[in-house]
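A short worksheet on the structure shown next.
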Amino acid sequence: MKIVSMDTFLVPPRWLFLRIRTDEGITGWGEPVVEGRAETVRAAVAELADHLIGEDPLRIEDHWQVLTKGGFYRGGPVLSSAVAGIDQALWDIAGKAAGLPVHQLLGGPVREKVRMYAWIGGDRPAEVAELAATQIEAGFTAVKMNGSAELTAIDTPARTMEVVQRVAAVREAIGDRHDLVVDLHGRASTAMARRLLPLLEPYLPLFVEEAVLPEHSRNPASTSIPLATGERLYSRWDFREVIGNGIAVAQPDVSHAGGISEVRRIASMAETYDVTMAPHCPLGPVSLAASLQLAFAIPNFLIQEQSVGIHYNEGNDVLDYLVDPAPLTFPGGYATRTTLPGLGIEIDEAEVERMARQGHRWRSPLWRHADGSFAEW
């Protein structure tokens, strides 16, 4: 079997899909994207295609090694995300060629269903208690919220207590039989995190995500709350710097951190430090399907993010590009293990091609503080 073509599709709301076709009629799909830099990743995929056209798609590990190490300049989010989408598509082809879901090729399932959580509140969270209650009523057992809007390096007592009161309201709305994840999105400085996290301890978050920017993770706040990071780390070498430094939850993104191949290795490394996995996935259906294949095979898996209905998905949503949405629906807040081959989904190619004619130019929001200086989004 040989790879005969690689095509990318820029589709709304903010995604990039990759289709790899083979001479035996098997097609694999991947999702190589950096949110807000989709066109840049698309160019990287086109460059990497020079190494793959005419090659055997089943030599997944060899391709991963060549694509990540074959250039003098290595690493970073753009290259790692380009490789990630290619890797997903190659695993999709391998599963379809074998007639097996990818998790069977990774050693077989270790669980029959995967716990999911739902997003609430948006970038500047509001009405979170009502939204949390709605998601619990819809069957989810856990919700995630942004804990704050902009924060200054050491913010006021009033802004600090706004965060605490918002978390308290969600805890009251969902009760203590459901879980709450608080995402600070790297908006807190180390000093601010040390002030804020102890005040959140009474509400027992499942974890706090990106309490500080990943480059500051070497100085974790002293807290009993499990800390999570990883959506902006792109390899096992990046994770080596934080996994042994007190985090409880690793959050690699299968569309950023080198794909299925590398995230599986990150999970194994995390397991040696008693760190669990909650993979990042605010993206589209291919990324989510790849994440779920890993979740069924990873022993130290905790919970999975998904973006159905997330505030970024304006105009188009995750299920719009599927022939059958059933594999990415979550009755009772869980994904059921699929036996469908490859990534376990069927992409609606006609819809992808149609929406690619529309495309998108999504960019990350640019925030500023009251004094006009740059603020972390």
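Ordering of the structure tokens sets the chain letters (A, B, ...); residue numbers start at 1 within each chain; ligands are numbered from 1 in the order shown.
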Return as a Markdown table the residues of region 95-209 of chain A lying at most 12 Å from region 28-39 of chain A, together with the closest atom-to-atom pair for each and the distance in Å to one decimal, counting only C-alpha atoms, with rows in chain order and ascending residue number.
```
| residue | atom | partner | partner_atom | distance |
| --- | --- | --- | --- | --- |
| A:Gly95 | CA | A:Gly28 | CA | 9.3 |
| A:Lys96 | CA | A:Gly28 | CA | 8.3 |
| A:Ala97 | CA | A:Gly28 | CA | 10.1 |
| A:Val102 | CA | A:Gly28 | CA | 11.9 |
```
- Message: Using DSSP secondary structure from the backbone, list all strand (DSSP E or B) positions within region 142-317 of chain A, as a ChimeraX atom specification.
- Response: /A:142-146,179-183,207-209,227-229,249-250,253,276-277,280,301,304-305
Write the residues you've just listed into a file as a PDB file, in the first residue's frame, and include N, CA and C atoms for each of them.
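Ended up saving to result-v4.pdb:
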```pdb
ATOM      1  N   ALA A 142     -19.459  15.865  35.096  1.00  0.00           N
ATOM      2  CA  ALA A 142     -18.405  16.840  35.379  1.00  0.00           C
ATOM      3  C   ALA A 142     -18.527  17.990  34.394  1.00  0.00           C
ATOM      4  N   VAL A 143     -18.197  19.195  34.879  1.00  0.00           N
ATOM      5  CA  VAL A 143     -18.187  20.380  34.028  1.00  0.00           C
ATOM      6  C   VAL A 143     -16.863  21.109  34.218  1.00  0.00           C
ATOM      7  N   LYS A 144     -16.485  21.889  33.193  1.00  0.00           N
ATOM      8  CA  LYS A 144     -15.290  22.723  33.293  1.00  0.00           C
ATOM      9  C   LYS A 144     -15.643  24.159  32.965  1.00  0.00           C
ATOM     10  N   MET A 145     -15.052  25.068  33.727  1.00  0.00           N
ATOM     11  CA  MET A 145     -15.308  26.492  33.551  1.00  0.00           C
ATOM     12  C   MET A 145     -13.998  27.266  33.564  1.00  0.00           C
ATOM     13  N   ASN A 146     -13.938  28.353  32.811  1.00  0.00           N
ATOM     14  CA  ASN A 146     -12.876  29.319  33.026  1.00  0.00           C
ATOM     15  C   ASN A 146     -13.122  29.986  34.367  1.00  0.00           C
ATOM     16  N   ASP A 179     -18.362  16.532  39.514  1.00  0.00           N
ATOM     17  CA  ASP A 179     -17.043  17.154  39.558  1.00  0.00           C
ATOM     18  C   ASP A 179     -17.004  18.473  38.807  1.00  0.00           C
ATOM     19  N   LEU A 180     -16.096  19.306  39.277  1.00  0.00           N
ATOM     20  CA  LEU A 180     -15.887  20.644  38.729  1.00  0.00           C
ATOM     21  C   LEU A 180     -14.409  20.810  38.406  1.00  0.00           C
ATOM     22  N   VAL A 181     -14.126  21.247  37.194  1.00  0.00           N
ATOM     23  CA  VAL A 181     -12.764  21.579  36.772  1.00  0.00           C
ATOM     24  C   VAL A 181     -12.700  23.087  36.574  1.00  0.00           C
ATOM     25  N   VAL A 182     -11.658  23.709  37.102  1.00  0.00           N
ATOM     26  CA  VAL A 182     -11.470  25.150  36.964  1.00  0.00           C
ATOM     27  C   VAL A 182     -10.255  25.391  36.082  1.00  0.00           C
ATOM     28  N   ASP A 183     -10.454  26.110  34.985  1.00  0.00           N
ATOM     29  CA  ASP A 183      -9.375  26.441  34.060  1.00  0.00           C
ATOM     30  C   ASP A 183      -9.001  27.910  34.269  1.00  0.00           C
ATOM     31  N   PHE A 207      -9.625  19.190  39.333  1.00  0.00           N
ATOM     32  CA  PHE A 207      -8.290  19.753  39.161  1.00  0.00           C
ATOM     33  C   PHE A 207      -8.434  21.204  38.718  1.00  0.00           C
ATOM     34  N   VAL A 208      -7.347  21.954  38.877  1.00  0.00           N
ATOM     35  CA  VAL A 208      -7.245  23.296  38.320  1.00  0.00           C
ATOM     36  C   VAL A 208      -6.251  23.238  37.168  1.00  0.00           C
ATOM     37  N   GLU A 209      -6.695  23.723  36.028  1.00  0.00           N
ATOM     38  CA  GLU A 209      -5.917  23.638  34.790  1.00  0.00           C
ATOM     39  C   GLU A 209      -5.174  24.946  34.533  1.00  0.00           C
ATOM     40  N   LEU A 227      -3.224  19.752  40.370  1.00  0.00           N
ATOM     41  CA  LEU A 227      -2.892  20.716  39.331  1.00  0.00           C
ATOM     42  C   LEU A 227      -2.687  19.995  38.004  1.00  0.00           C
ATOM     43  N   ALA A 228      -3.124  20.662  36.923  1.00  0.00           N
ATOM     44  CA  ALA A 228      -3.035  20.081  35.585  1.00  0.00           C
ATOM     45  C   ALA A 228      -2.393  21.076  34.632  1.00  0.00           C
ATOM     46  N   THR A 229      -1.654  20.550  33.674  1.00  0.00           N
ATOM     47  CA  THR A 229      -1.102  21.384  32.610  1.00  0.00           C
ATOM     48  C   THR A 229      -0.759  20.491  31.428  1.00  0.00           C
ATOM     49  N   VAL A 249      -2.198  15.935  36.866  1.00  0.00           N
ATOM     50  CA  VAL A 249      -2.910  15.600  35.639  1.00  0.00           C
ATOM     51  C   VAL A 249      -2.148  16.183  34.454  1.00  0.00           C
ATOM     52  N   ALA A 250      -1.842  15.346  33.459  1.00  0.00           N
ATOM     53  CA  ALA A 250      -1.201  15.786  32.224  1.00  0.00           C
ATOM     54  C   ALA A 250      -2.262  15.937  31.144  1.00  0.00           C
ATOM     55  N   ASP A 253      -2.470  17.430  23.961  1.00  0.00           N
ATOM     56  CA  ASP A 253      -3.512  17.502  22.935  1.00  0.00           C
ATOM     57  C   ASP A 253      -3.079  16.646  21.759  1.00  0.00           C
ATOM     58  N   THR A 276      -2.129  11.258  36.156  1.00  0.00           N
ATOM     59  CA  THR A 276      -3.204  10.795  35.285  1.00  0.00           C
ATOM     60  C   THR A 276      -3.296  11.672  34.040  1.00  0.00           C
ATOM     61  N   MET A 277      -4.144  11.253  33.108  1.00  0.00           N
ATOM     62  CA  MET A 277      -4.282  11.915  31.807  1.00  0.00           C
ATOM     63  C   MET A 277      -5.701  12.456  31.626  1.00  0.00           C
ATOM     64  N   HIS A 280      -6.362  17.346  26.393  1.00  0.00           N
ATOM     65  CA  HIS A 280      -6.970  18.586  25.918  1.00  0.00           C
ATOM     66  C   HIS A 280      -7.624  18.328  24.566  1.00  0.00           C
ATOM     67  N   PHE A 301      -5.750   6.995  32.455  1.00  0.00           N
ATOM     68  CA  PHE A 301      -6.688   8.005  31.955  1.00  0.00           C
ATOM     69  C   PHE A 301      -7.636   8.455  33.069  1.00  0.00           C
ATOM     70  N   GLN A 304     -12.018  13.048  29.772  1.00  0.00           N
ATOM     71  CA  GLN A 304     -11.760  13.579  28.431  1.00  0.00           C
ATOM     72  C   GLN A 304     -12.544  14.865  28.178  1.00  0.00           C
ATOM     73  N   GLU A 305     -11.850  15.871  27.671  1.00  0.00           N
ATOM     74  CA  GLU A 305     -12.497  17.098  27.203  1.00  0.00           C
ATOM     75  C   GLU A 305     -13.174  16.846  25.859  1.00  0.00           C
TER      76      GLU A 305
END
```
- Task: Can you list, as a PyMOL selection string, all residues belonging to region 196-301 of chain A that DSSP tags as alpha helix (DSSP H)?
- Result: chain A and resi 196-200+236-243+259-271+285-297
- Which one is closest to Gly344 (chain A): A:Glu127, A:Glu210, A:Glu271, A:Asp92? Count only C-alpha atoms.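 Among A:Glu127, A:Glu210, A:Glu271, A:Asp92, it is A:Asp92 that comes nearest to Gly344 (chain A).
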- Considering only C-alpha atoms, return as a list of chain:residue names whatever protein or nucleic-acid residues lie within 6 Å of region 151-160 of chain A, sequence-local ones (same chain, fewer than 6 positions apart) excluded.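 Surrounding residues, per the criterion: A:Arg187, A:Ser189, A:Met192.
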Could you save the residues just selected, with N, CA, C and O atoms, as an mmCIF file, in the first residue's frame?
```
data_model
loop_
_atom_site.group_PDB
_atom_site.id
_atom_site.type_symbol
_atom_site.label_atom_id
_atom_site.label_comp_id
_atom_site.auth_asym_id
_atom_site.auth_seq_id
_atom_site.Cartn_x
_atom_site.Cartn_y
_atom_site.Cartn_z
ATOM 1 N N ARG A 187 -3.866 32.639 33.110
ATOM 2 C CA ARG A 187 -4.114 34.073 33.344
ATOM 3 C C ARG A 187 -3.586 34.555 34.686
ATOM 4 O O ARG A 187 -3.484 35.765 34.909
ATOM 5 N N SER A 189 -0.642 34.975 37.520
ATOM 6 C CA SER A 189 0.797 34.917 37.787
ATOM 7 C C SER A 189 1.049 33.895 38.892
ATOM 8 O O SER A 189 0.113 33.423 39.557
ATOM 9 N N MET A 192 -0.295 35.333 42.042
ATOM 10 C CA MET A 192 -1.759 35.339 42.092
ATOM 11 C C MET A 192 -2.294 33.920 42.310
ATOM 12 O O MET A 192 -3.277 33.719 43.033
#
```
- Message: Can you tell me which residues surround region 61-70 of chain A at a distance of at most 9 Å, considering only C-alpha atoms, apart from same-chain residues fewer than 6 positions away, and format the answer as a list in words?
- Response: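 Answer for this query is Leu48, His51, Leu52, Leu79, Ser80, Val83, Ala84, Ile86, Asp87, Gly258, Ser261 and Glu262 of chain A.
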Given the selection you just returned, output its residues as a file containing all heavy atoms, formatted as a compact mmCIF listing (two decimals), in the first residue's frame.
```txt
# COMPACT_ATOMS: atom_id res chain seq x y z
N LEU A 48 5.78 18.60 4.66
CA LEU A 48 6.04 17.24 5.14
C LEU A 48 5.54 16.19 4.15
O LEU A 48 6.04 15.05 4.13
CB LEU A 48 5.38 17.03 6.50
CG LEU A 48 5.96 17.87 7.65
CD1 LEU A 48 5.12 17.69 8.91
CD2 LEU A 48 7.42 17.50 7.92
N HIS A 51 7.84 13.93 2.06
CA HIS A 51 8.44 12.72 2.61
C HIS A 51 7.50 11.51 2.54
O HIS A 51 7.96 10.38 2.76
CB HIS A 51 8.82 12.93 4.08
CG HIS A 51 9.86 13.98 4.30
ND1 HIS A 51 11.19 13.78 4.01
CD2 HIS A 51 9.75 15.25 4.76
CE1 HIS A 51 11.87 14.88 4.30
NE2 HIS A 51 11.03 15.78 4.76
N LEU A 52 6.22 11.74 2.24
CA LEU A 52 5.22 10.69 2.43
C LEU A 52 4.59 10.17 1.14
O LEU A 52 4.19 9.00 1.10
CB LEU A 52 4.11 11.21 3.35
CG LEU A 52 4.55 11.49 4.79
CD1 LEU A 52 3.47 12.26 5.54
CD2 LEU A 52 4.86 10.19 5.52
N LEU A 79 5.10 22.58 13.86
CA LEU A 79 5.59 21.30 13.35
C LEU A 79 4.94 20.14 14.09
O LEU A 79 4.49 19.16 13.48
CB LEU A 79 7.11 21.21 13.47
CG LEU A 79 7.72 19.89 13.00
CD1 LEU A 79 7.38 19.61 11.55
CD2 LEU A 79 9.24 19.90 13.22
N SER A 80 4.85 20.23 15.42
CA SER A 80 4.27 19.13 16.18
C SER A 80 2.80 18.91 15.83
O SER A 80 2.32 17.77 15.80
CB SER A 80 4.41 19.40 17.68
OG SER A 80 5.77 19.37 18.06
N VAL A 83 2.63 17.21 12.33
CA VAL A 83 2.93 15.78 12.50
C VAL A 83 1.77 15.07 13.19
O VAL A 83 1.42 13.93 12.83
CB VAL A 83 4.23 15.59 13.29
CG1 VAL A 83 4.45 14.12 13.65
CG2 VAL A 83 5.42 16.13 12.51
N ALA A 84 1.14 15.74 14.15
CA ALA A 84 0.03 15.12 14.90
C ALA A 84 -1.11 14.73 13.97
O ALA A 84 -1.64 13.62 14.05
CB ALA A 84 -0.47 16.08 15.97
N ILE A 86 -1.00 14.22 10.71
CA ILE A 86 -0.54 13.15 9.82
C ILE A 86 -0.57 11.82 10.57
O ILE A 86 -1.05 10.80 10.05
CB ILE A 86 0.87 13.46 9.29
CG1 ILE A 86 0.84 14.67 8.37
CG2 ILE A 86 1.46 12.24 8.58
CD1 ILE A 86 2.21 15.22 8.01
N ASP A 87 -0.07 11.81 11.79
CA ASP A 87 -0.03 10.60 12.60
C ASP A 87 -1.44 10.05 12.82
O ASP A 87 -1.67 8.84 12.71
CB ASP A 87 0.65 10.91 13.93
CG ASP A 87 0.86 9.69 14.80
OD1 ASP A 87 1.83 8.95 14.55
OD2 ASP A 87 0.05 9.47 15.73
N GLY A 258 2.18 15.81 18.74
CA GLY A 258 2.75 14.71 17.96
C GLY A 258 1.82 13.57 17.64
O GLY A 258 2.25 12.53 17.15
N SER A 261 0.74 8.64 18.43
CA SER A 261 2.00 7.97 18.79
C SER A 261 2.66 8.63 19.98
O SER A 261 3.07 7.96 20.94
CB SER A 261 2.96 8.00 17.60
OG SER A 261 2.43 7.25 16.51
N GLU A 262 2.77 9.97 19.96
CA GLU A 262 3.49 10.66 21.02
C GLU A 262 2.66 10.78 22.29
O GLU A 262 3.20 10.65 23.40
CB GLU A 262 3.93 12.04 20.54
CG GLU A 262 4.77 12.81 21.54
CD GLU A 262 6.19 12.24 21.73
OE1 GLU A 262 6.46 11.11 21.27
OE2 GLU A 262 7.01 12.94 22.35
```
- Query: Using only C-alpha atoms, which of A:Asp50, A:Asp176, A:Asp123, A:Gly246 sits nearest Ser364 (chain A)?
  - Reply: A:Asp123
- Message: Just want the 7 Å neighbourhood of Gly186 (chain A), counted on only C-alpha atoms, with same-chain residues fewer than 6 positions away dropped. Output as a PyMOL selection string.
- Response: chain A and resi 210-213
Output C-alpha atoms of each residue in that selection to a file, as a compact mmCIF listing (two decimals), in the first residue's frame.
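Result went into part25.txt, see below:
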```txt
# COMPACT_ATOMS: atom_id res chain seq x y z
CA GLU A 210 -3.07 25.97 33.83
CA ALA A 211 -3.04 27.76 37.16
CA VAL A 212 0.04 29.48 35.71
CA LEU A 213 1.59 29.54 32.27
```
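Neighbours of Thr190 (chain A) closer than or equal to 8 Å, with only C-alpha atoms counted and sequence neighbours fewer than 2 positions away skipped, come out as Ala188, Met192, Ala193, Arg194, Val212, His216, Asn219, Pro220 and Ala221 of chain A.
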Show which residues sit within 10 Å of region 115-119 of chain A, as a short mmCIF file (atom, residue, chain, number, x, y, z; two decimals) with C-alpha atoms, in the first residue's frame. Count only C-alpha atoms, and ignore same-chain residues fewer than 2 positions away.
```cif
data_model
loop_
_atom_site.label_atom_id
_atom_site.label_comp_id
_atom_site.auth_asym_id
_atom_site.auth_seq_id
_atom_site.Cartn_x
_atom_site.Cartn_y
_atom_site.Cartn_z
CA LYS A 113 -16.55 3.66 28.41
CA GLY A 121 -19.32 29.86 30.82
CA GLY A 122 -17.16 31.03 27.91
CA VAL A 128 -22.08 29.54 35.27
CA LEU A 131 -25.19 26.47 32.80
CA ALA A 132 -23.58 23.89 35.09
CA GLN A 135 -25.14 20.15 31.76
CA ILE A 136 -25.69 17.95 34.80
CA ALA A 138 -28.11 16.59 30.32
CA GLY A 139 -26.26 13.66 31.90
CA PHE A 140 -22.70 14.88 32.35
CA THR A 141 -21.03 14.09 35.66
CA ALA A 142 -18.40 16.84 35.38
CA VAL A 143 -18.19 20.38 34.03
CA LYS A 144 -15.29 22.72 33.29
CA MET A 145 -15.31 26.49 33.55
CA ASN A 146 -12.88 29.32 33.03
CA ASP A 179 -17.04 17.15 39.56
CA LEU A 180 -15.89 20.64 38.73
CA VAL A 181 -12.76 21.58 36.77
CA ALA A 278 -7.05 14.36 30.87
CA PRO A 282 -11.47 21.80 22.27
CA LEU A 292 -11.09 8.65 22.49
CA ALA A 295 -8.59 6.99 26.21
CA PHE A 301 -6.69 8.00 31.96
CA LEU A 302 -8.86 10.32 34.09
CA ILE A 303 -11.40 12.25 31.98
CA GLN A 304 -11.76 13.58 28.43
CA GLU A 305 -12.50 17.10 27.20
CA GLN A 306 -14.92 17.53 24.30
CA SER A 307 -16.14 20.63 22.50
CA VAL A 308 -19.70 19.90 21.39
CA GLY A 309 -21.48 23.22 21.90
CA ILE A 310 -18.37 25.06 23.15
CA HIS A 311 -18.44 28.84 22.79
CA PHE A 330 -22.25 10.81 25.15
CA PRO A 331 -25.28 9.32 26.90
CA GLY A 332 -24.92 9.62 30.65
CA GLY A 333 -21.77 11.70 30.17
CA TYR A 334 -19.72 8.78 28.79
CA ALA A 335 -18.42 7.73 25.37
CA THR A 336 -19.07 4.07 24.65
#
```
- Item | One-decimal distance in Å that lies between CA of Val11 (chain A) and CA of Ser287 (chain A) |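 Distance between the two atoms: 13.8 Å.
CA of Val114 (chain A) sits 23.2 Å away from CA of Ile93 (chain A).
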